[in-house]
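Here's coords_12.txt, which has compact mmCIF, C-alpha atoms:
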# COMPACT_ATOMS: atom_id res chain seq x y z
CA MET A 1 3.02 -0.25 14.17
CA PHE A 2 -0.73 -0.11 14.54
CA SER A 3 -0.99 -2.71 17.29
CA ARG A 4 -3.07 -2.05 20.38
CA ASN A 5 -0.01 -2.69 22.56
CA ILE A 6 1.85 0.19 20.99
CA LYS A 7 -1.23 2.37 21.32
CA ILE A 8 -1.34 1.67 25.06
CA VAL A 9 2.33 2.56 25.30
CA VAL A 10 1.55 5.92 23.66
CA ARG A 11 -0.80 6.69 26.51
CA LYS A 12 1.91 5.98 29.07
CA SER A 13 5.10 7.05 27.34
CA PRO A 14 5.20 9.00 24.05
CA ILE A 15 9.00 8.81 24.09
CA ARG A 16 8.85 5.01 24.18
CA HIS A 17 6.40 5.03 21.25
CA LEU A 18 8.71 7.23 19.18
CA SER A 19 11.60 4.92 19.98
CA ILE A 20 9.66 1.90 18.74
CA ARG A 21 8.75 3.72 15.54
CA ARG A 22 12.36 4.78 15.02
CA CYS A 23 13.63 1.21 15.49
CA HIS A 24 11.01 -0.05 13.05
CA ALA A 25 12.04 2.56 10.48
CA GLU A 26 15.74 1.78 10.96
CA ARG A 27 15.06 -1.95 10.45
CA ILE A 28 13.28 -1.27 7.15
CA LEU A 29 15.96 1.13 5.97
CA SER A 30 18.68 -1.38 6.78
CA ASN A 31 16.88 -4.00 4.70
CA PRO A 32 15.02 -2.15 1.92
CA SER A 33 14.13 -5.43 0.19
CA GLU A 34 11.97 -6.45 3.17
CA LYS A 35 8.30 -5.71 2.57
CA VAL A 36 6.02 -5.45 5.57
CA TYR A 37 2.23 -5.47 5.69
CA PRO A 38 0.84 -1.96 6.34
CA LEU A 39 -1.78 -3.38 8.72
CA LYS A 40 0.40 -5.96 10.45
CA GLY A 41 -0.75 -6.24 14.06
CA ILE A 42 -4.28 -4.98 13.42
CA LYS A 43 -7.00 -7.40 14.48
CA VAL A 44 -10.46 -7.27 12.89
CA LEU A 45 -13.62 -8.80 14.34
CA ASP A 46 -15.70 -9.52 11.24
CA LEU A 47 -19.45 -9.97 11.82
CA THR A 48 -20.36 -9.50 8.15
CA ARG A 49 -21.94 -11.73 5.51
CA ILE A 50 -22.72 -11.70 1.77
CA VAL A 51 -20.59 -9.15 -0.20
CA ALA A 52 -20.12 -5.55 0.98
CA GLY A 53 -18.82 -6.35 4.47
CA PRO A 54 -16.73 -9.40 3.52
CA TYR A 55 -15.19 -7.46 0.62
CA CYS A 56 -14.19 -4.67 3.03
CA THR A 57 -12.57 -7.05 5.50
CA MET A 58 -10.85 -8.97 2.69
CA VAL A 59 -9.16 -5.77 1.52
CA LEU A 60 -8.01 -5.17 5.10
CA SER A 61 -6.75 -8.76 5.30
CA ASP A 62 -4.76 -8.38 2.06
CA LEU A 63 -3.01 -5.47 3.77
CA GLY A 64 -1.99 -7.71 6.65
CA ALA A 65 -4.81 -7.37 9.18
CA GLU A 66 -5.74 -10.55 11.06
CA VAL A 67 -9.45 -11.06 10.35
CA PHE A 68 -11.65 -13.26 12.51
CA LYS A 69 -14.75 -14.09 10.47
CA ILE A 70 -17.55 -14.81 12.96
CA GLU A 71 -20.07 -17.21 11.44
CA ARG A 72 -23.28 -18.79 12.63
CA PRO A 73 -22.59 -22.34 13.83
CA PHE A 74 -23.60 -25.08 11.37
CA HIS A 75 -24.80 -22.50 8.80
CA GLY A 76 -22.14 -19.87 8.20
CA ASP A 77 -22.15 -16.95 5.80
CA GLU A 78 -25.21 -17.22 3.54
CA SER A 79 -23.03 -16.82 0.45
CA ARG A 80 -21.42 -20.21 1.17
CA LYS A 81 -24.60 -21.70 -0.32
CA TRP A 82 -24.97 -19.31 -3.28
CA GLY A 83 -24.42 -21.79 -6.07
CA PRO A 84 -23.92 -23.58 -8.33
CA PRO A 85 -21.10 -23.59 -9.09
CA PHE A 86 -19.61 -25.11 -5.93
CA LEU A 87 -15.97 -25.69 -5.11
CA LYS A 88 -14.66 -29.16 -5.89
CA ASP A 89 -14.98 -31.56 -2.92
CA SER A 90 -16.52 -28.82 -0.80
CA GLU A 91 -19.97 -27.69 0.30
CA ASP A 92 -18.95 -24.07 -0.27
CA SER A 93 -19.91 -22.08 -3.34
CA VAL A 94 -17.37 -20.53 -5.65
CA TYR A 95 -19.19 -17.25 -4.91
CA PHE A 96 -17.95 -17.40 -1.29
CA MET A 97 -14.37 -17.77 -2.54
CA ALA A 98 -14.44 -14.29 -4.09
CA SER A 99 -14.54 -12.22 -0.87
CA ASN A 100 -13.18 -14.31 2.00
CA ARG A 101 -9.50 -15.13 1.53
CA ASN A 102 -6.93 -14.54 4.29
CA LYS A 103 -9.56 -14.93 7.05
CA LYS A 104 -10.04 -17.21 10.03
CA SER A 105 -13.51 -18.72 10.42
CA VAL A 106 -14.73 -18.78 14.02
CA CYS A 107 -18.24 -20.14 14.60
CA VAL A 108 -19.99 -18.34 17.47
CA ASP A 109 -23.71 -18.06 18.18
CA LEU A 110 -24.17 -14.34 18.92
CA LYS A 111 -26.77 -15.00 21.60
CA LYS A 112 -25.38 -18.06 23.35
CA GLY A 113 -21.77 -17.00 22.89
CA LYS A 114 -22.05 -13.29 23.56
CA SER A 115 -19.28 -13.48 26.17
CA VAL A 116 -16.92 -14.81 23.48
CA ILE A 117 -17.68 -11.78 21.31
CA TYR A 118 -16.98 -9.52 24.29
CA ASP A 119 -13.61 -11.17 24.84
CA LEU A 120 -12.76 -10.88 21.15
CA ALA A 121 -13.77 -7.20 21.11
CA ARG A 122 -11.29 -6.53 23.91
CA LYS A 123 -8.53 -8.06 21.79
CA CYS A 124 -9.44 -6.47 18.45
CA ASP A 125 -8.86 -3.05 16.93
CA VAL A 126 -11.80 -3.02 14.53
CA LEU A 127 -15.28 -4.56 14.41
CA VAL A 128 -17.20 -4.63 11.13
CA GLU A 129 -20.88 -5.69 11.01
CA ASN A 130 -23.71 -5.51 8.49
CA TYR A 131 -26.86 -6.25 10.47
CA ILE A 132 -30.06 -4.18 10.22
CA PRO A 133 -29.70 -1.15 12.56
CA GLY A 134 -30.78 -2.03 16.09
CA LYS A 135 -30.39 -5.81 15.71
CA LEU A 136 -27.03 -6.07 17.46
CA ASP A 137 -28.12 -3.53 20.10
CA GLN A 138 -30.92 -5.94 21.04
CA MET A 139 -28.30 -8.66 21.52
CA GLY A 140 -26.07 -6.44 23.67
CA LEU A 141 -23.52 -6.18 20.86
CA GLY A 142 -24.18 -2.65 19.61
CA TYR A 143 -21.67 0.17 19.59
CA ASP A 144 -22.80 1.67 22.90
CA GLN A 145 -22.36 -1.66 24.70
CA LEU A 146 -19.03 -2.64 23.11
CA SER A 147 -17.49 0.83 23.38
CA ARG A 148 -17.82 0.53 27.16
CA ILE A 149 -16.07 -2.85 27.08
CA ALA A 150 -13.42 -1.78 24.55
CA PRO A 151 -13.13 2.05 24.36
CA SER A 152 -10.46 1.90 21.64
CA LEU A 153 -12.56 -0.32 19.33
CA ILE A 154 -13.40 1.11 15.89
CA TYR A 155 -16.93 -0.11 15.15
CA CYS A 156 -17.99 -0.01 11.49
CA SER A 157 -21.64 -0.63 10.58
CA ILE A 158 -22.42 -1.42 6.94
CA THR A 159 -26.16 -1.21 6.26
CA GLY A 160 -28.60 -0.77 3.41
CA TYR A 161 -29.75 2.73 4.28
CA GLY A 162 -27.86 3.94 7.36
CA SER A 163 -28.88 4.32 10.99
CA GLU A 164 -31.21 7.29 10.38
CA GLY A 165 -34.09 8.03 8.04
CA PRO A 166 -37.37 6.29 7.13
CA TYR A 167 -35.65 3.38 5.34
CA LYS A 168 -33.21 2.50 8.14
CA THR A 169 -34.86 -0.80 9.15
CA ARG A 170 -35.23 -2.11 5.60
CA PRO A 171 -32.97 -4.96 4.50
CA GLY A 172 -30.46 -3.75 1.93
CA TYR A 173 -29.31 -5.56 -1.19
CA ASP A 174 -27.12 -4.34 -4.02
CA VAL A 175 -29.75 -4.28 -6.78
CA ILE A 176 -32.31 -2.49 -4.57
CA ALA A 177 -29.86 0.23 -3.59
CA ALA A 178 -28.83 0.50 -7.25
CA SER A 179 -32.51 0.90 -8.16
CA ILE A 180 -33.38 3.54 -5.58
CA GLY A 181 -30.03 5.26 -6.06
CA GLY A 182 -30.51 5.74 -9.81
CA LEU A 183 -27.89 3.37 -11.22
CA LEU A 184 -30.40 1.15 -12.99
CA HIS A 185 -32.07 4.23 -14.47
CA ILE A 186 -28.86 5.10 -16.32
CA THR A 187 -27.71 1.56 -17.17
CA GLY A 188 -28.83 -0.29 -20.31
CA SER A 189 -29.30 0.42 -23.99
CA GLU A 190 -30.74 3.77 -25.01
CA ASP A 191 -34.13 2.42 -26.04
CA GLY A 192 -34.20 -0.63 -23.77
CA PRO A 193 -35.25 -1.41 -20.21
CA PRO A 194 -33.08 -0.73 -17.15
CA ALA A 195 -30.19 -3.17 -16.74
CA LYS A 196 -28.33 -4.46 -13.71
CA VAL A 197 -24.54 -4.12 -13.75
CA GLY A 198 -22.95 -7.55 -14.18
CA VAL A 199 -21.41 -7.61 -10.68
CA ALA A 200 -22.60 -6.24 -7.32
CA ILE A 201 -20.85 -2.94 -7.92
CA THR A 202 -22.78 -1.02 -5.22
CA ASP A 203 -21.75 -3.64 -2.65
CA ILE A 204 -18.13 -3.43 -3.79
CA ALA A 205 -18.06 0.38 -3.69
CA THR A 206 -19.60 0.33 -0.20
CA GLY A 207 -16.95 -2.13 0.99
CA LEU A 208 -14.22 0.11 -0.40
CA TYR A 209 -15.70 3.22 1.25
CA ALA A 210 -15.84 1.29 4.53
CA HIS A 211 -12.24 0.12 4.21
CA GLY A 212 -11.04 3.70 3.62
CA ALA A 213 -13.04 5.01 6.57
CA ILE A 214 -11.60 2.32 8.85
CA LEU A 215 -8.04 3.26 7.87
CA ALA A 216 -8.80 6.93 8.61
CA ALA A 217 -10.22 5.99 12.03
CA ILE A 218 -7.12 3.93 12.82
CA LEU A 219 -4.96 6.97 12.04
CA GLN A 220 -7.14 9.23 14.18
CA ARG A 221 -6.96 6.79 17.08
CA HIS A 222 -3.22 7.36 17.24
CA GLN A 223 -4.03 10.96 18.17
CA THR A 224 -7.02 10.38 20.46
CA ASN A 225 -6.47 6.85 21.83
CA ARG A 226 -10.20 6.33 21.33
CA GLY A 227 -12.28 4.30 18.93
CA GLN A 228 -15.43 5.53 17.20
CA LYS A 229 -18.47 4.38 15.24
CA ILE A 230 -18.49 4.48 11.45
CA ASP A 231 -21.72 4.29 9.46
CA VAL A 232 -21.52 3.26 5.79
CA ASN A 233 -24.55 2.34 3.70
CA LEU A 234 -25.36 1.08 0.23
CA LEU A 235 -27.80 3.81 -0.79
CA SER A 236 -25.59 6.76 0.16
CA THR A 237 -22.65 5.08 -1.55
CA GLN A 238 -24.65 4.55 -4.72
CA VAL A 239 -25.82 8.17 -4.86
CA ALA A 240 -22.24 9.36 -4.25
CA CYS A 241 -21.11 7.17 -7.16
CA LEU A 242 -23.42 8.98 -9.59
CA ILE A 243 -20.64 11.63 -9.87
CA ASN A 244 -21.14 13.71 -13.07
CA VAL A 245 -24.69 12.41 -13.61
CA ALA A 246 -25.68 13.73 -10.18
CA SER A 247 -23.85 16.99 -10.82
CA ASN A 248 -25.66 17.42 -14.15
CA TYR A 249 -29.02 17.16 -12.43
CA LEU A 250 -28.19 19.15 -9.28
CA ASN A 251 -26.49 22.04 -11.08
CA ALA A 252 -28.02 22.06 -14.57
CA GLY A 253 -31.42 20.43 -13.96
CA LYS A 254 -30.58 17.82 -16.59
CA GLU A 255 -32.37 14.49 -16.13
CA ALA A 256 -30.27 11.42 -16.88
CA GLN A 257 -30.98 8.76 -19.47
CA ARG A 258 -29.55 5.42 -20.58
CA TRP A 259 -26.79 5.56 -23.17
CA GLY A 260 -25.76 1.92 -23.50
CA THR A 261 -21.96 1.99 -23.86
CA ALA A 262 -21.97 5.58 -25.16
CA HIS A 263 -21.03 8.69 -23.18
CA GLU A 264 -23.41 11.59 -22.71
CA SER A 265 -20.73 14.28 -23.06
CA ILE A 266 -17.99 12.73 -25.24
CA VAL A 267 -18.29 11.48 -28.85
CA PRO A 268 -17.07 9.03 -30.02
CA TYR A 269 -16.87 7.09 -26.75
CA GLU A 270 -18.65 3.74 -27.06
CA ALA A 271 -18.57 0.17 -28.29
CA PHE A 272 -18.49 -0.55 -32.02
CA ARG A 273 -19.39 -3.85 -33.65
CA THR A 274 -16.61 -5.59 -35.57
CA SER A 275 -16.88 -8.64 -37.80
CA THR A 276 -16.20 -10.90 -34.79
CA GLY A 277 -17.45 -9.00 -31.75
CA TYR A 278 -17.05 -5.51 -30.30
CA ILE A 279 -14.32 -3.02 -29.47
CA THR A 280 -14.60 0.14 -27.41
CA ILE A 281 -13.09 3.40 -28.60
CA GLY A 282 -12.84 6.68 -26.73
CA CYS A 283 -11.73 10.07 -28.03
CA GLY A 284 -11.49 12.56 -25.19
CA SER A 285 -9.78 15.27 -27.21
CA ASN A 286 -9.79 16.69 -30.73
CA ALA A 287 -6.26 15.35 -31.28
CA GLN A 288 -7.41 11.83 -30.43
CA PHE A 289 -10.37 12.13 -32.80
CA GLU A 290 -8.06 13.30 -35.60
CA ALA A 291 -5.83 10.31 -34.97
CA LEU A 292 -8.81 7.92 -35.10
CA CYS A 293 -9.86 9.36 -38.44
CA LYS A 294 -6.35 8.88 -39.83
CA TYR A 295 -6.27 5.25 -38.64
CA LEU A 296 -9.64 4.69 -40.34
CA ASP A 297 -8.36 6.41 -43.51
CA ILE A 298 -10.97 9.17 -43.34
CA PRO A 299 -8.85 12.21 -42.31
CA GLU A 300 -11.31 14.60 -43.97
CA VAL A 301 -13.99 13.71 -41.39
CA ALA A 302 -11.90 15.24 -38.60
CA GLN A 303 -11.91 18.57 -40.50
CA ASP A 304 -15.63 18.55 -41.20
CA GLU A 305 -17.23 21.51 -39.42
CA ARG A 306 -19.90 19.15 -38.03
CA PHE A 307 -17.25 17.13 -36.18
CA ILE A 308 -14.31 19.47 -35.67
CA THR A 309 -14.88 19.90 -31.90
CA ASN A 310 -16.33 17.61 -29.26
CA GLN A 311 -19.23 20.02 -28.72
CA VAL A 312 -20.42 19.69 -32.30
CA ARG A 313 -19.65 15.96 -32.32
CA VAL A 314 -22.06 15.57 -29.40
CA GLN A 315 -24.68 17.56 -31.33
CA ASN A 316 -24.14 15.41 -34.43
CA ARG A 317 -23.63 12.14 -32.57
CA LYS A 318 -25.84 9.92 -34.76
CA LEU A 319 -24.43 11.26 -38.01
CA LEU A 320 -20.84 10.62 -36.90
CA ILE A 321 -21.51 7.15 -35.50
CA ASP A 322 -23.24 6.22 -38.76
CA ILE A 323 -20.01 7.13 -40.59
CA LEU A 324 -17.67 5.25 -38.24
CA SER A 325 -19.70 2.08 -37.61
CA PRO A 326 -19.70 0.56 -41.14
CA ILE A 327 -15.93 1.03 -41.43
CA ILE A 328 -15.18 -0.66 -38.10
CA LYS A 329 -17.58 -3.52 -38.83
CA LYS A 330 -15.54 -4.62 -41.87
CA ARG A 331 -12.67 -6.10 -39.86
CA SER A 332 -12.30 -8.41 -36.85
CA SER A 333 -11.61 -7.25 -33.32
CA SER A 334 -8.11 -8.75 -33.38
CA GLU A 335 -7.30 -7.05 -36.68
CA TRP A 336 -8.39 -3.69 -35.32
CA MET A 337 -6.39 -4.17 -32.13
CA THR A 338 -3.32 -4.87 -34.26
CA THR A 339 -4.01 -1.77 -36.37
CA PHE A 340 -4.56 0.36 -33.26
CA GLY A 341 -1.52 -1.08 -31.48
CA ASN A 342 0.26 2.28 -31.15
CA ALA A 343 -2.80 4.51 -31.32
CA PRO A 344 -2.82 7.62 -29.07
CA PHE A 345 -6.50 7.14 -28.19
CA PRO A 346 -7.88 4.53 -25.75
CA VAL A 347 -9.20 1.38 -27.39
CA GLY A 348 -9.87 -2.18 -26.24
CA PRO A 349 -11.84 -5.32 -27.11
CA ILE A 350 -14.95 -6.35 -25.17
CA ASN A 351 -13.63 -9.60 -23.73
CA SER A 352 -15.37 -12.71 -22.50
CA MET A 353 -14.12 -14.19 -19.20
CA ALA A 354 -11.98 -16.66 -21.19
CA GLU A 355 -10.43 -13.74 -23.06
CA VAL A 356 -9.94 -11.68 -19.89
CA PHE A 357 -7.95 -14.42 -18.19
CA SER A 358 -5.91 -15.28 -21.28
CA ASP A 359 -5.07 -11.63 -21.91
CA PRO A 360 -1.27 -11.26 -22.14
CA HIS A 361 -1.20 -8.18 -19.91
CA ILE A 362 -3.29 -9.81 -17.16
CA ASN A 363 -1.02 -12.85 -17.28
CA ASP A 364 2.18 -10.81 -17.33
CA ILE A 365 1.34 -8.83 -14.18
CA GLY A 366 0.35 -12.00 -12.30
CA LEU A 367 -3.02 -10.73 -11.10
CA VAL A 368 -4.45 -14.24 -10.67
CA LYS A 369 -3.05 -16.10 -7.66
CA ASP A 370 -3.02 -19.80 -6.74
CA LEU A 371 -3.94 -20.75 -3.16
CA GLU A 372 -4.15 -24.13 -1.42
CA HIS A 373 -7.62 -24.97 -0.11
CA PRO A 374 -8.04 -27.53 2.73
CA THR A 375 -10.35 -29.81 0.72
CA ALA A 376 -10.38 -28.61 -2.89
CA GLY A 377 -6.64 -28.43 -3.46
CA LYS A 378 -5.41 -25.57 -5.61
CA ILE A 379 -7.87 -22.72 -6.21
CA LYS A 380 -7.48 -19.46 -8.09
CA VAL A 381 -8.37 -15.94 -6.90
CA VAL A 382 -7.96 -12.49 -8.36
CA GLY A 383 -5.37 -10.84 -6.16
CA PRO A 384 -5.25 -7.24 -4.91
CA PRO A 385 -5.12 -4.64 -7.71
CA VAL A 386 -2.94 -2.28 -5.63
CA SER A 387 0.81 -2.67 -5.12
CA PHE A 388 3.29 -0.81 -2.88
CA SER A 389 6.98 -0.15 -3.36
CA ASP A 390 7.86 -0.97 0.27
CA SER A 391 4.84 -2.84 1.59
CA SER A 392 3.17 -6.18 1.01
CA ASN A 393 -0.46 -6.53 -0.12
CA ARG A 394 -1.42 -10.04 -1.22
CA ALA A 395 -3.64 -13.08 -1.10
CA ARG A 396 -2.01 -15.45 1.40
CA THR A 397 -4.50 -18.12 2.42
CA SER A 398 -7.63 -19.59 0.85
CA PRO A 399 -11.11 -18.79 2.15
CA PRO A 400 -11.61 -20.87 5.32
CA LEU A 401 -13.83 -23.86 5.92
CA LEU A 402 -16.75 -23.20 8.25
CA GLY A 403 -15.41 -23.09 11.82
CA GLN A 404 -11.91 -24.04 10.70
CA HIS A 405 -10.21 -21.76 13.23
CA THR A 406 -12.62 -21.77 16.18
CA ASN A 407 -10.43 -23.82 18.51
CA GLU A 408 -7.24 -22.07 17.42
CA VAL A 409 -8.58 -18.58 18.09
CA LEU A 410 -10.24 -19.42 21.41
CA LYS A 411 -7.09 -21.11 22.68
CA GLU A 412 -4.34 -18.91 21.29
CA LEU A 413 -5.97 -15.48 21.30
CA LEU A 414 -8.39 -15.74 24.22
CA ASN A 415 -6.47 -18.34 26.29
CA TYR A 416 -9.56 -20.50 26.81
CA ASP A 417 -8.80 -23.96 28.16
CA ASP A 418 -10.26 -27.22 26.86
CA GLU A 419 -12.91 -27.27 29.57
CA GLN A 420 -14.20 -23.80 28.66
CA ILE A 421 -14.29 -24.68 24.96
CA GLU A 422 -16.10 -27.94 25.58
CA ALA A 423 -18.69 -26.18 27.76
CA LEU A 424 -19.39 -23.68 24.96
CA ARG A 425 -19.63 -26.46 22.42
CA ASN A 426 -22.08 -28.42 24.61
CA ILE A 427 -24.58 -25.55 24.53
CA GLN A 428 -23.92 -25.04 20.79
CA ALA A 429 -22.52 -21.56 21.41
CA ILE A 430 -19.63 -22.45 19.12
CA GLN A 431 -18.82 -24.96 16.41

Structure re-expressed in structure tokens:
Amino acid sequence: MFSRNIKIVVRKSPIRHLSIRRCHAERILSNPSEKVYPLKGIKVLDLTRIVAGPYCTMVLSDLGAEVFKIERPFHGDESRKWGPPFLKDSEDSVYFMASNRNKKSVCVDLKKGKSVIYDLARKCDVLVENYIPGKLDQMGLGYDQLSRIAPSLIYCSITGYGSEGPYKTRPGYDVIAASIGGLLHITGSEDGPPAKVGVAITDIATGLYAHGAILAAILQRHQTNRGQKIDVNLLSTQVACLINVASNYLNAGKEAQRWGTAHESIVPYEAFRTSTGYITIGCGSNAQFEALCKYLDIPEVAQDERFITNQVRVQNRKLLIDILSPIIKKRSSSEWMTTFGNAPFPVGPINSMAEVFSDPHINDIGLVKDLEHPTAGKIKVVGPPVSFSDSSNRARTSPPLLGQHTNEVLKELLNYDDEQIEALRNIQAIQ
């Protein structure tokens, strides 16, 4: 539905386009059990490395887009070497496995093989890159150059700080953007130093923003028949993700602070130590707090004028936590989870990775998928967290070996013959 061929038909014959759409709809209606990929037919030229860009293109690939991961010959994506641990019988790190499934690895030197990138751009709907602003322009691969070659190409740049401003030429990494953007200032225990979030959450959020922007641009292209440039950056994403903390400062002049697992505006809403570990409890309403007090066999605390509303609970935070903590510490996490099995307030254990992936709910919904890797055999990945009633969204193929699909793509997509491929390989333009 989103293929470039259909888009060209729109330009020539809107009636023909509507007919194709109607036939497609009739086929699905006649076979409602058939699930199609929402992005089937979309081709993505992926010039990204590390996390934010690869995560974005992986989400697109889960939705059915064909992603051509362009890698530096003989080196590849830097994250292939980010280990240990490394994949069994492979030179690739397990880290690389996390963001590169469903892709085809094509090794092209961007300088020596620029003509290959041009040919791929003509065939693709979307290009995603995460080079420092100006770098690809110097190579003749910037938006201005490629938009002349492929006017319908959607060109998404993922950078550290954007294409404007005094920081634009700085290299961008997750923890630096999280530092400048305030996340580290509000993360960590109340009296402790700043703390990094356990995963590259700023990278992930940036990749998700980019993926959403690309989908919007694809929709707009159906109206305009033109591509466009999208700028997404780590710092702006991080500041946007400050949500209520940013609003507190901008509208109430309230400086933020670290709260550990606690919440600035809701009490109780934090982790409590048990006899075996920790559980997290949140009470977002007075009714939930009353229920918690009944489960803890202290119903009178919910009627105490110092705790009767969330506003006064926030004011008397320490006093209330000092009442709740000793009670919760008397029993194990599993005992409390059994006790709170039907509780109307949110509660959950703080799990280790072993506990996460043995959790009965995670196992029941089948979130972890098995894929066959060319050298390592069966590997496991966390599949897409989003499902559709009438569409497919899934992990299909394992992350590729370096250059695994170079010949296939050059022959089948670009119609290069053996002589052309050998000539490119002789000058090390491809691998």

Please report as CSV every residue of stretch 80-173 of chain A lying within 10 Å of stretch 411-430 of chain A, along with the nearest atom pair and their distance in Å (one decimal), using all atoms listed in the file.
residue,atom,partner,partner_atom,distance
A:Val106,CA,A:Ile430,CA,8.0
A:Cys107,CA,A:Ile430,CA,5.3
A:Val108,CA,A:Ile430,CA,4.4
A:Asp109,CA,A:Ala429,CA,4.9
A:Leu110,CA,A:Ala429,CA,7.8
A:Lys111,CA,A:Ala429,CA,7.8
A:Lys112,CA,A:Ala429,CA,4.9
A:Gly113,CA,A:Ala429,CA,4.9
A:Lys114,CA,A:Ala429,CA,8.6
A:Ser115,CA,A:Ala429,CA,9.9
A:Val116,CA,A:Leu414,CA,8.6
A:Asp119,CA,A:Leu414,CA,7.0
A:Leu120,CA,A:Leu414,CA,7.2
A:Arg122,CA,A:Leu414,CA,9.7
A:Lys123,CA,A:Leu413,CA,7.9

Handout entry: Best match for closeness to A:Val301 among A:Phe86, A:Phe289, A:Phe345, A:Tyr167, counting all atoms listed in the file
Key = A:Phe289

Exercise for the section: Provide the atom CA of A:Ile180 to atom CA of A:Leu215 distance in Å, to one decimal place. Expected result: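 Taking atom CA of A:Ile180 as the start and atom CA of A:Leu215 as the end point, the length is 28.7 Å.
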
Exercise for the section: May I have the residues within 8 Å of stretch 314-318 of chain A as a ChimeraX atom specification, using all atoms listed in the file and disregarding those fewer than 6 positions away in the same chain? Expected result: /A:264-268,306-307

Exercise for the section: Within 12 Å of A:Ala240, counting all atoms listed in the file, which residues show up once you throw out same-chain ones fewer than 4 positions away? Write them as a list in words, please. Expected result: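 The neighbour list is Ala177, Ala178, Gly181, Gly182, Leu183, Thr202, Ala205, Thr206, Tyr209, Val232, Asn233, Leu234, Leu235, Ser236, Asn244, Val245, Ala246 and Ser247 of chain A.
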
Exercise for the section: Quick one: everything within 8 Å of stretch 378-391 of chain A, counting only C-alpha atoms, minus sequence neighbours fewer than 2 positions away in the same chain. Send it as a PyMOL selection string. Expected result: chain A and resi 32-38+59+62+97-98+367-373+376+393-395+398

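Among the candidate residues A:Leu39, A:Gly140, A:Asp174, A:Phe74, the one lying nearest to A:Leu219 is A:Leu39, with distances computed using only C-alpha atoms.
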
Practice task
Quick one: everything within 8 Å of A:His185, counting all atoms listed in the file, minus sequence neighbours fewer than 3 positions away in the same chain. Send it as a list in words.
Solution key: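 Here the answer would be Ser179, Gly182, Pro194, Ala195, Ala256, Gln257 and Arg258 of chain A.
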
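Nearest residue to A:Ser105, choosing from A:Glu408, A:Lys81, A:Gly53, A:Leu401 and counting only C-alpha atoms: A:Leu401.
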
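In this comparison, which uses all atoms listed in the file, the residue of A:Pro151, A:Gly366, A:Gly348, A:Pro326 approaching A:Gly282 most closely is A:Gly348.
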
Problem - Within 8 Å of A:Ala217 using all atoms listed in the file, minus same-chain residues under 3 positions, as a list in words - result: Ile154, Ala213, Ile214, Gln220, Arg221, Gly227 and Gln228 of chain A

Problem - Minimum-distance residue to A:Asn342, chosen among A:Ser152, A:Leu292, A:Leu410, A:Asn130 (using only C-alpha atoms) - result: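 Of A:Ser152, A:Leu292, A:Leu410, A:Asn130, the one nearest A:Asn342, counting only C-alpha atoms, is A:Leu292.
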
Exercise for the section: Could you check how far atom CA of A:Thr169 sits from atom CA of A:Arg148, in Å to one decimal? Expected result: 24.8 Å

Give as a PDB file with C-alpha atoms, in the frame of the given file the set of residues within 7 Å of the point (-10.7, -8.7, 17.6), where distances use the file's coordinates and all atoms listed in the file.
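Output below, filename result28.pdb:
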ATOM      1  CA  LYS A  43      -7.000  -7.400  14.480  1.00  0.00           C
ATOM      2  CA  VAL A  44     -10.460  -7.270  12.890  1.00  0.00           C
ATOM      3  CA  LEU A  45     -13.620  -8.800  14.340  1.00  0.00           C
ATOM      4  CA  PHE A  68     -11.650 -13.260  12.510  1.00  0.00           C
ATOM      5  CA  LEU A 120     -12.760 -10.880  21.150  1.00  0.00           C
ATOM      6  CA  ALA A 121     -13.770  -7.200  21.110  1.00  0.00           C
ATOM      7  CA  ARG A 122     -11.290  -6.530  23.910  1.00  0.00           C
ATOM      8  CA  LYS A 123      -8.530  -8.060  21.790  1.00  0.00           C
ATOM      9  CA  CYS A 124      -9.440  -6.470  18.450  1.00  0.00           C
ATOM     10  CA  ASP A 125      -8.860  -3.050  16.930  1.00  0.00           C
ATOM     11  CA  VAL A 126     -11.800  -3.020  14.530  1.00  0.00           C
ATOM     12  CA  LEU A 127     -15.280  -4.560  14.410  1.00  0.00           C
TER      13      LEU A 127
END

Exercise for the section: Take atom CA of A:Asn310 and atom CA of A:Lys254 and report the distance between them in Å, one decimal. Expected result: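 One can read the atom CA of A:Asn310 to atom CA of A:Lys254 distance as 19.1 Å.
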
Practice task
Could you tell me which of A:Ala262, A:Leu402, A:Val239, A:Leu60 comes closest to A:Thr280 if we count all atoms listed in the file?
Solution key: A:Ala262

Only N, CA and C atoms needed: put stretch 157-161 of chain A from the block into a file as a PDB file, in the first residue's frame.
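Written output follows (result-v3.pdb):
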ATOM      1  N   SER A 157      17.451  12.544   9.764  1.00  0.00           N
ATOM      2  CA  SER A 157      18.740  12.707  10.417  1.00  0.00           C
ATOM      3  C   SER A 157      18.572  12.624  11.930  1.00  0.00           C
ATOM      4  N   ILE A 158      19.279  11.688  12.544  1.00  0.00           N
ATOM      5  CA  ILE A 158      19.283  11.544  14.000  1.00  0.00           C
ATOM      6  C   ILE A 158      20.655  11.993  14.494  1.00  0.00           C
ATOM      7  N   THR A 159      20.671  13.061  15.290  1.00  0.00           N
ATOM      8  CA  THR A 159      21.942  13.631  15.744  1.00  0.00           C
ATOM      9  C   THR A 159      21.920  13.843  17.250  1.00  0.00           C
ATOM     10  N   GLY A 160      23.061  14.300  17.775  1.00  0.00           N
ATOM     11  CA  GLY A 160      23.123  14.576  19.202  1.00  0.00           C
ATOM     12  C   GLY A 160      22.377  15.830  19.588  1.00  0.00           C
ATOM     13  N   TYR A 161      22.495  16.877  18.749  1.00  0.00           N
ATOM     14  CA  TYR A 161      21.980  18.194  19.144  1.00  0.00           C
ATOM     15  C   TYR A 161      21.203  18.907  18.041  1.00  0.00           C
TER      16      TYR A 161
END
